4 protein chains.
Amino acid sequence: MSYNSFGHAFRFTTWGESHGPAIGAVVDGCPPGLSLAETDIQPWLDKRRPGSSRFTSQRREPDLVKILSGIFEGQTTGTPISLMIENVDQRPRDYEENAGAYRPGHADYAYDSKYGLRDWRGGGRSSARETASRVAAGAVARLVIPEVSIRAYVVELGGDPIDRALFDAAEIDANSFFCPDPQAADRWEKSVDEARKAGSSLGAVVECVAEGVPAGWGAPIYAKLDSELAAAMMSINAAKGFEMGDGFAAARLSGEENADAMRAGAEGGMPAFLSNHAGGVAGGISTGQPLVVRVAFKPTSSILKPVPTIDRDGKETEISTKGRHDPCVGIRGVPVVAAMMALVLADQKLLHRAQVG
Amino acid sequence: MSYNSFGHAFRFTTWGESHGPAIGAVVDGCPPGLSLAETDIQPWLDKRRPGSSRFTSQRREPDLVKILSGIFEGQTTGTPISLMIENVDQRPRDYEENAGAYRPGHADYAYDSKYGLRDWRGGGRSSARETASRVAAGAVARLVIPEVSIRAYVVELGGDPIDRALFDAAEIDANSFFCPDPQAADRWEKSVDEARKAGSSLGAVVECVAEGVPAGWGAPIYAKLDSELAAAMMSINAAKGFEMGDGFAAARLSGEENADAMRAGAEGGMPAFLSNHAGGVAGGISTGQPLVVRVAFKPTSSILKPVPTIDRDGKETEISTKGRHDPCVGIRGVPVVAAMMALVLADQKLLHRAQVG
Amino acid sequence: MSYNSFGHAFRFTTWGESHGPAIGAVVDGCPPGLSLAETDIQPWLDKRRPGSSRFTSQRREPDLVKILSGIFEGQTTGTPISLMIENVDQRPRDYEENAGAYRPGHADYAYDSKYGLRDWRGGGRSSARETASRVAAGAVARLVIPEVSIRAYVVELGGDPIDRALFDAAEIDANSFFCPDPQAADRWEKSVDEARKAGSSLGAVVECVAEGVPAGWGAPIYAKLDSELAAAMMSINAAKGFEMGDGFAAARLSGEENADAMRAGAEGGMPAFLSNHAGGVAGGISTGQPLVVRVAFKPTSSILKPVPTIDRDGKETEISTKGRHDPCVGIRGVPVVAAMMALVLADQKLLHRAQVG
Amino acid sequence: MSYNSFGHAFRFTTWGESHGPAIGAVVDGCPPGLSLAETDIQPWLDKRRPGSSRFTSQRREPDLVKILSGIFEGQTTGTPISLMIENVDQRPRDYEENAGAYRPGHADYAYDSKYGLRDWRGGGRSSARETASRVAAGAVARLVIPEVSIRAYVVELGGDPIDRALFDAAEIDANSFFCPDPQAADRWEKSVDEARKAGSSLGAVVECVAEGVPAGWGAPIYAKLDSELAAAMMSINAAKGFEMGDGFAAARLSGEENADAMRAGAEGGMPAFLSNHAGGVAGGISTGQPLVVRVAFKPTSSILKPVPTIDRDGKETEISTKGRHDPCVGIRGVPVVAAMMALVLADQKLLHRAQVG
């Protein structure tokens, strides 16, 4: 019932609104003795930071993280790690004009239905700004799983997919779209520019691969790795779909096509799999193959183009959302997806050793 | 960390193996004063029961449920409801031949990696037989949410989708495939027969719609309705993908196409939405529109066609899975998806009234 | 929010009423590879079984446990262990006469206030019969902590304490009172007989010591070992007080008297403590000293002597509880206290290795 | 497994060390629409604040609380409420001298055994300074249960109990000891002064009464109100014992003495109980009578009198704890006990309406 906490053994709680004084996360259950400083966290936040290119929100947030607890002489102590990020570029007035109307696609109407109030300052708690807290917590999680390497990138933007044959991991950080295919990156530059100029927005699909996860993490039945990852990813703002391995495409394969046949591995090593349709998991437990997930992000709901809506009194009106917004929220979703992968895996590692030692 | 429990306020725990003496569920947190008897549960189990047509497993299980606790004079007491289903048609010997080898696509290797053992009797705990416990618990959940009506059906089988123009809810229970399009049902009869005869198997996509959910259920951030539903659905055996509303297709829409514009509703009623791309949820909270989810099921991993694999000693071999299996596990997934929807919503209703009253 | 579950990593859920068909427990999170059979559990249930002497309830329950899941080839599999005990000597008619009135000291009025019903058949879920499920689950827990030895016994009965100078562990199982002082056992025989004949009842204080717990189990702040043990013990029927180490007596010591001074231990071994006022715990974490707790049990509320009360309509009446009851419920509390100690420690061991490895 | 969180539906997480930059709490699950400002919290913190008399620690902390999130236009929004208190009078150097040695009675050795480190700066996370976070969170909890009034006070100090015949609620806030008996307060002034001058310390027993709790809060079996309260109270620093109602004294009563007989109440009102040995709870559920608990606090472990101990290398030494400490930590335990009562009851109220509506 912890609405704002995630995880079991390695667990974090986030707090804060888009236009309040600060946001933050409390990480609980972290193993002791890990070297941790702000400099371990800041680079991940920098990847997610808005305002870094014309393809993301123009809000200027340095997103500087402070560690307020849980560290002694540069090492984690096993007690809660409190992380805080001050909001410095709030402009709640941008939202004042629309304070009375519900923005379609946003949480405005749903929150009001639930809580009986409308925090119009940029979405309040429902703003994607909350994801900075996850990225900060995810940086701590990475220290718990040094054996794992995680890579996330955009594989489709505005319906335009990458060409897998052109996949080049080195390209991911070389463009503004976390795109592993340089040709797709060029095309996306044009399409995002067009959407931005038209006051529109685009969706995207993010893929995330975790290598180095040993066989045996995860657990039946309601703690399956697939289930935990799905919950993690579907909690991200604007996420509308989740796939593990081949995902929906697996539903179009025959049993023999989908089977990941096994062969003997190297002497003393793990077995060799001839394919990875499953995305690294069977029966909810990792197989030692790379974990592969994909997350679908809808187009940003905040658009300049006017959309019919109603206000809190039920009166019909139109809304055109100004503020400062990402033309494609999926792009900045990349470091968030990677952070959630790290957070799930750190938790699973600890849970596994709890039960199995 | 409850590996075999699901839910928060309305919570259930399942136990039992495919080839043990029985399986069961304990439902905790159920409101008192609800009329409940075995006859409220049995019809839902009958829908999931194997052996009802040639398109499902030929295992003959009556799946008769017994209520062992939590009822007094025909009403729930608010204390735990223990449900038990005896296994009567176990044939563990069917599996003995393959006891030493790992079945690709199954949990065999992953379980062995985790727990250091290989329960070869039909998958043990990882068998889809566990889902009968969910269906039984789901029948109790339905009593908690009489305002909600839930419908699940197959929308694609072996890559062959239904024609939405032919959708007829009355057809769903009129064929062996829970198919709302009678023409698709005819085609699927042939394709499933072919797969079965060829010793192969097929995947499917199941859709589930819940109507009558009021605006306001669900909660930010890590308790979003999307997140809870994704976790619930991805915990089902063979599930590989999850979509909320338009899901992956939403990633291909523009912001203005995807916006569910709002208009004034009837006097005193809820607002009218002009579309439901979101699938009934915004910011993780229900909007009063129908909830719409889709779940992708991979083809059954147990197939007669031989697949290369290894045994516990790492020696290469081939495996051909006899036993009695569904040629398309997605079909019997339909009542399970509906049960998980009910279980999530019963929980969300109680959680909502905890916080908001 | 799991009202009928206890524990985190090693977790159990109980179900069943005093006069229903059966009671049971589901143990989740148990490590795999432990040898487990009904014969590992039965001896502990036998200790708690009613009808074994004239000093306990005359209900005749063999309390035979069945393991329904979680075992393969004699070993735990890491999946849920379902334990069931059939009720064979229910006599709900004994209670019919009092069905309309609330028994003072019992949960009757409180349950009715909460749930709007009165399950008059021997207390239903609130009966101490539920504790058999704990003892069964506790037997599994013991297998997880072979390094720990647990001993529980009565140190005071009807206000008459044992003489610590006469403490003889061998006596505990040699009398009907789990009493380590043979002289006190003789006196208690008389006082319990008198209470029973007078239609009255007596209270007791149970002490439990766990030796072999290494330093380092437990965790700050809300997961302190003291806190977990207190929750465990205070969940037992009729428990009214809990002490860790010196407990209330510690509040009467000076700081220097209460300090458990430390001296160097044997080469390579743990330090030597010069006293154990703390009861083996500091800051919520074990110190390697024996854990010592005490639990106060009120006198059995079911007594033949008439007590003024009201019925469900608010009309004044008197009640004299027939049924079959323990003249001192604290006696049979001994194996329950020991079981709860085992359950907490098994959980703590797993939690400790989750975080610290 | 949330080591630093407490509660289920109304839940809080605390963070921070005694000598770090700040401490804080995140309150999750709070109902929306409650008026909340810093001024609702500050008075409770002021009661707990050190340095207010010569009978408490001389550390000078203003303990000013800031609300960083969860409020909009002066009202709770239903999202997490982040509370922060800056540490302004840290003097870690006071502790440097003893950095290598374990302070008996403190968590030093236990923490080191668990986490492999020794945060010598005033106990770090194990310092009673953490309880300020609870008091802040408790102030929010009080807003959730306006129907309940909570009173806590010291009933025994250094083994010297109050005279119940002299109980005067108005006295509680009129002396430095939260003592309802003015004569006892005079005696305690002397005894605490003596202990302080002698470099020693004293224990205390705190009682807490909650009036206005309706019948029906709490739940069987492992969520009993007694169990939740015990866990809450035993998580407080220096707590060694817990009693519900008569507690250990109940174990010395006969069944008929202990029975809280019932009589018809006023027309339409709740029944009248002729006594309250049970302390307001039966079967783990409130009866509508006042809830009564007592908590035993050991004498402060930090004393000037030298105590034999060892250092981290196992070498024998003596320790005399300077720093700034309470001569009787139980005194400042009073507002903490009251806060924990409020936190448990706010949670129970929400849990009750989740299940029963």
# chains A, B, ... in the order shown; residues from 1 in each chain; ligands from 1
$ closest_atom_pairs --of "chain D" --to "chain A" --cutoff "6 Å" --atoms "only C-alpha atoms" --output "JSON lines"
{"residue": "D:Met1", "atom": "CA", "partner": "A:Ala9", "partner_atom": "CA", "distance": 5.9}
{"residue": "D:Ala9", "atom": "CA", "partner": "A:Met1", "partner_atom": "CA", "distance": 5.9}
{"residue": "D:Trp15", "atom": "CA", "partner": "A:Pro80", "partner_atom": "CA", "distance": 5.5}
{"residue": "D:Gly16", "atom": "CA", "partner": "A:Ser69", "partner_atom": "CA", "distance": 4.9}
{"residue": "D:Pro32", "atom": "CA", "partner": "A:Tyr115", "partner_atom": "CA", "distance": 5.7}
{"residue": "D:Ser69", "atom": "CA", "partner": "A:Gly16", "partner_atom": "CA", "distance": 4.9}
{"residue": "D:Pro80", "atom": "CA", "partner": "A:Trp15", "partner_atom": "CA", "distance": 5.5}
{"residue": "D:Tyr115", "atom": "CA", "partner": "A:Pro32", "partner_atom": "CA", "distance": 5.7}
$ select_by_dssp --residues "segment 303-339 of chain D" --states "alpha helix (DSSP H)" --output "ChimeraX atom specification"
/D:329-339
$ write_last_selection --atoms "C-alpha atoms" --output "compact mmCIF listing (two decimals), in the first residue's frame"
# COMPACT_ATOMS: atom_id res chain seq x y z
CA VAL D 329 15.60 9.28 28.33
CA GLY D 330 12.10 8.17 29.32
CA ILE D 331 11.04 11.77 29.93
CA ARG D 332 11.49 12.84 26.35
CA GLY D 333 10.00 9.49 25.41
CA VAL D 334 6.58 10.84 26.36
CA PRO D 335 5.84 12.84 23.18
CA VAL D 336 7.32 9.99 21.14
CA VAL D 337 4.99 7.41 22.70
CA ALA D 338 2.04 9.72 22.05
CA ALA D 339 3.16 10.20 18.44
$ atom_distance --atom1 "atom CA of Val205 of chain A" --atom2 "atom CA of Asp173 of chain A"
16.8 Å
$ residues_around --residues "Lys298 of chain A" --least-positions-apart "2" --cutoff "9 Å" --atoms "only C-alpha atoms" --output "JSON, numbers by chain"
{"A": [202, 203, 204, 205, 238, 239, 240, 296, 300, 301, 328, 329, 330], "B": [246, 247, 248, 249, 250, 251, 252, 253, 254, 255, 258]}
$ closest_residue --among "B:Ile41, B:Met270, B:Val140, B:Ala185" --to "Ile162 of chain B" --atoms "only C-alpha atoms"
B:Ala185
$ atom_distance --atom1 "atom CA of Ala101 of chain B" --atom2 "atom CA of Glu194 of chain B"
27.2 Å
$ closest_residue --among "A:Pro43, A:Pro290, A:Gly123, A:Pro146" --to "Ala278 of chain A" --atoms "only C-alpha atoms"
A:Pro290
